[in-house]
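Enquirer: Dumping the structure here so I can ask a few things about it.
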Amino acid sequence: MTIENILLVLMLISGGTFIVSMLKDSRRFRNAVYLLLFLLLLATYILVYFGPTKYGSLVAVIFALLVIFTVLIVPLLLIFNGFVMMRREGTSLANLLSLLFGIFILVGEFFVIRGFYHLDMIEQRQFPLQAFYLMTGFAVFYVSMIFLSFLFYTWIIKLIPRRANYNYVIVLGAGLINGERVSKLLSDRLDKAIKVYEKSKPDCKIICSGGKGSDEKISEARAMKSYLVDKGIDRNDILMEDRSTDTMENLAFSKKLIEEREGDHYTAVVTSGYHVLRAMIYCRRVGLQADGIGAHTAFYYWPSAMIREYAALVRYYIFPYLLGLLVQEFILFVYLRAVIS
């Protein structure tokens with residue numbers, strides 16, 4: 001069996017696994033990993049397939065440009081975005097995330113290049129330093145590739161077809177300005193919820209979900225309700241969930257509120273576009289059947305927001321995440337011991 005055929009089989013298996021897993025439950029993060037594996041195998045298969053043909057050089061150039069863009073331009077764009085965030089949003093740690101992540105990736109790439117430099121000529125006594133360079137660099141590579149899979153799947157999950165109307169529209173809260181007014185981020189979510197509500201009337205309720213933070217004068221739910229009333233939404237069509245302190249509680253408490261009411265319970269969860277995937281994963285955790293709908297988010301805000309979402313999901317899946325990293329590092333260590341002897 002040729003390398004080309006082996007790659008084709010592996011590609012079809014990974015693609016089929018992704019499709020089956022996604023159709024079974026689109027709210028699993030492992031779908032993102034299956035997607036990444038399929039894309040990597042697809043790229044490798046294309047390179048091998050076109051290699052001996054007259055189009056091989058063109059394909060190689062295209063992939064070389066993609067690699068250059070990924071390993072060099074992307075971290076530089078993240079760093080640039082970090083400066084944009086600081087200028088527009090301030091210098092808080094949250095606004096520095098894209099800058100720090102871009103630097104993190106560049107350092108990892110330097111370690112990989114340094115680790116492979118004259119690897120076949122390295123002596124045994126130099127093994128610890130060389131192993132440090134490569135294992136650290138590939139750890140960064142692991143973090144970056146899982147992030148990339150998360151990014152791809154976040155975009156894909158928004159394309160999944162959904163219902164035309166709902167009985168309940170849950171709006172996830174966000175921080176308030178001066179502790180009492182909805183922010184631009186939250187108003188975008190509420191405006192999106194209004195559009196869904198208008199299409200779903202007359203049998204639709206909007207659930208404002210968000211408790212009162214330590215730095216807030218009123219609950220997020222109360223501020224959200226005031227915003228909706230000012231926009232002309234009937235008070236009787238607005239329900240408040242004002243006890244939650246995080247996204248998981250937003251969904252769990254809103255689910256309980258819905259289950260206490262009679263009738264159909266077709267539900268939509270409206271949040272910022274970058275937050276949809278994590279919200280859907282948490283919906284699965286609390287047993288809430290719902291569609292995720294993303295609201296508009298300023299383009300420059302996306303990188304930092306996506307990094308925060310990624311960090312939250314890493315914390316949620318910390319054990320399988322670390323297991324994958326340890327397996328990669330062990331394989332790399334065994335390889336290095338074999339090469340450096």
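To be explicit about the labels: the chains of the structure tokens are called A, B, and onward in the order shown, and within each one the residues are counted from 1, while ligands get numbers from 1 in the order they are shown.
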Quick check for you: according to DSSP on this backbone, which residues of range 11-161 of chain A are classed as alpha helix (DSSP H)? Reply as a ChimeraX atom specification.
Expert: /A:11-24,30-50,56-68,74-89,97-116,127-157
Enquirer: If DSSP is run on the backbone, what residues of range 79-302 of chain A are strand (DSSP E)? A reply as a list in words would be ideal.
Expert: Tyr168, Val169, Ile170, Val171, Leu172, Leu176, Ile177, Arg181, Val182, Lys205, Ile206, Ile207, Cys208, Ser209, Ile238, Leu239, Met240, Glu241, Thr267, Ala268, Val269, Val270, Thr271, Ser272, Asp291, Gly292, Ile293, Gly294 and Ala295 of chain A
Enquirer: Save the residues we just selected, N, CA and C atoms, as a short mmCIF file (atom, residue, chain, number, x, y, z; two decimals), in the first residue's frame?
Expert:
data_model
loop_
_atom_site.label_atom_id
_atom_site.label_comp_id
_atom_site.auth_asym_id
_atom_site.auth_seq_id
_atom_site.Cartn_x
_atom_site.Cartn_y
_atom_site.Cartn_z
N TYR A 168 -38.27 30.66 23.69
CA TYR A 168 -37.46 31.39 24.67
C TYR A 168 -36.14 31.82 24.02
N VAL A 169 -35.75 33.04 24.32
CA VAL A 169 -34.46 33.57 23.86
C VAL A 169 -33.67 33.99 25.09
N ILE A 170 -32.65 33.23 25.42
CA ILE A 170 -31.80 33.55 26.56
C ILE A 170 -30.69 34.49 26.11
N VAL A 171 -30.56 35.61 26.77
CA VAL A 171 -29.47 36.55 26.48
C VAL A 171 -28.48 36.48 27.63
N LEU A 172 -27.24 36.11 27.33
CA LEU A 172 -26.21 36.00 28.36
C LEU A 172 -25.66 37.37 28.71
N LEU A 176 -21.46 45.67 33.23
CA LEU A 176 -22.19 46.92 33.03
C LEU A 176 -21.26 48.13 33.14
N ILE A 177 -21.60 49.18 32.43
CA ILE A 177 -20.85 50.43 32.49
C ILE A 177 -21.28 51.19 33.75
N ARG A 181 -25.34 50.48 33.49
CA ARG A 181 -25.76 50.61 32.10
C ARG A 181 -25.14 49.52 31.24
N VAL A 182 -25.92 49.04 30.27
CA VAL A 182 -25.40 47.97 29.41
C VAL A 182 -24.28 48.52 28.54
N LYS A 205 -40.59 34.49 24.77
CA LYS A 205 -40.16 35.27 25.91
C LYS A 205 -38.65 35.47 25.83
N ILE A 206 -38.20 36.63 26.26
CA ILE A 206 -36.76 36.90 26.35
C ILE A 206 -36.33 36.74 27.80
N ILE A 207 -35.30 35.93 28.03
CA ILE A 207 -34.78 35.73 29.38
C ILE A 207 -33.48 36.52 29.51
N CYS A 208 -33.48 37.51 30.37
CA CYS A 208 -32.28 38.29 30.65
C CYS A 208 -31.52 37.58 31.77
N SER A 209 -30.35 37.08 31.47
CA SER A 209 -29.62 36.26 32.42
C SER A 209 -28.31 36.92 32.85
N ILE A 238 -40.67 39.62 29.10
CA ILE A 238 -39.29 39.62 29.60
C ILE A 238 -39.22 38.89 30.94
N LEU A 239 -38.39 37.87 31.01
CA LEU A 239 -38.15 37.15 32.25
C LEU A 239 -36.75 37.46 32.73
N MET A 240 -36.56 37.50 34.04
CA MET A 240 -35.24 37.82 34.58
C MET A 240 -34.66 36.64 35.36
N GLU A 241 -33.42 36.35 35.07
CA GLU A 241 -32.63 35.37 35.85
C GLU A 241 -31.49 36.19 36.40
N THR A 267 -35.61 26.75 22.41
CA THR A 267 -34.80 27.81 23.02
C THR A 267 -33.62 28.21 22.15
N ALA A 268 -33.33 29.50 22.16
CA ALA A 268 -32.12 30.04 21.53
C ALA A 268 -31.30 30.73 22.61
N VAL A 269 -29.98 30.61 22.51
CA VAL A 269 -29.07 31.32 23.41
C VAL A 269 -28.34 32.36 22.58
N VAL A 270 -28.54 33.62 22.93
CA VAL A 270 -27.88 34.71 22.20
C VAL A 270 -26.70 35.22 23.02
N THR A 271 -25.54 35.24 22.39
CA THR A 271 -24.35 35.77 23.02
C THR A 271 -23.46 36.35 21.93
N SER A 272 -22.30 36.82 22.28
CA SER A 272 -21.37 37.33 21.26
C SER A 272 -20.90 36.18 20.38
N ASP A 291 -30.27 26.33 20.54
CA ASP A 291 -29.44 26.75 19.41
C ASP A 291 -28.64 27.97 19.83
N GLY A 292 -27.41 28.05 19.38
CA GLY A 292 -26.58 29.21 19.68
C GLY A 292 -26.64 30.24 18.56
N ILE A 293 -26.84 31.49 18.91
CA ILE A 293 -26.91 32.57 17.93
C ILE A 293 -25.92 33.65 18.33
N GLY A 294 -25.04 34.00 17.41
CA GLY A 294 -24.00 34.97 17.71
C GLY A 294 -24.37 36.39 17.33
N ALA A 295 -24.08 37.31 18.22
CA ALA A 295 -24.31 38.73 17.96
C ALA A 295 -23.03 39.35 17.40
#
Enquirer: Would you mind listing what lies within 12 Å of Ile157 in chain A as a list in words, with only C-alpha atoms counted and same-chain residues fewer than 4 positions away left out?
Expert: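 Neighbouring residues, sequence-local ones excluded: Met22, Leu23, Asp25, Ser26, Arg27, Arg28, Phe29, Asn31, Ala32, Leu35, Phe150, Leu151, Phe152, Tyr153, Pro161, Arg162, Gly273, Tyr274, His275, Val276, Leu277, Arg278, Ala279, Met280, Ile281, Asp291, Gly292, Ile293 and Gly294 of chain A.
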Enquirer: Let's have the selection written as a short mmCIF file (atom, residue, chain, number, x, y, z; two decimals), in the first residue's frame, with C-alpha atoms.
Expert:
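File part23.cif, as written:
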data_model
loop_
_atom_site.label_atom_id
_atom_site.label_comp_id
_atom_site.auth_asym_id
_atom_site.auth_seq_id
_atom_site.Cartn_x
_atom_site.Cartn_y
_atom_site.Cartn_z
CA MET A 22 -20.72 16.67 14.59
CA LEU A 23 -24.09 15.29 13.44
CA ASP A 25 -23.65 16.36 18.84
CA SER A 26 -22.17 19.60 17.50
CA ARG A 27 -21.55 20.82 21.06
CA ARG A 28 -18.41 18.74 21.66
CA PHE A 29 -14.98 20.32 21.52
CA ASN A 31 -15.17 17.92 16.90
CA ALA A 32 -12.71 20.79 16.53
CA LEU A 35 -11.60 18.84 11.99
CA PHE A 150 -10.97 25.93 18.10
CA LEU A 151 -10.94 28.98 15.82
CA PHE A 152 -12.04 27.00 12.76
CA TYR A 153 -14.80 25.20 14.59
CA PRO A 161 -28.97 25.55 10.28
CA ARG A 162 -31.35 26.50 13.08
CA GLY A 273 -20.21 35.43 18.17
CA TYR A 274 -16.91 34.37 19.72
CA HIS A 275 -18.75 32.97 22.77
CA VAL A 276 -21.24 30.71 20.97
CA LEU A 277 -19.17 27.52 20.98
CA ARG A 278 -18.41 27.63 24.70
CA ALA A 279 -22.03 28.48 25.47
CA MET A 280 -23.15 25.43 23.47
CA ILE A 281 -20.65 23.18 25.23
CA ASP A 291 -29.44 26.75 19.41
CA GLY A 292 -26.58 29.21 19.68
CA ILE A 293 -26.91 32.57 17.93
CA GLY A 294 -24.00 34.97 17.71
#
Enquirer: From the list A:Val334, A:Thr17, A:Ser304, A:Asp246, which residue is nearest Gly102 in chain A when using only C-alpha atoms?
Expert: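 Checking each of A:Val334, A:Thr17, A:Ser304, A:Asp246 against Gly102 in chain A, counting only C-alpha atoms, the winner is A:Ser304.
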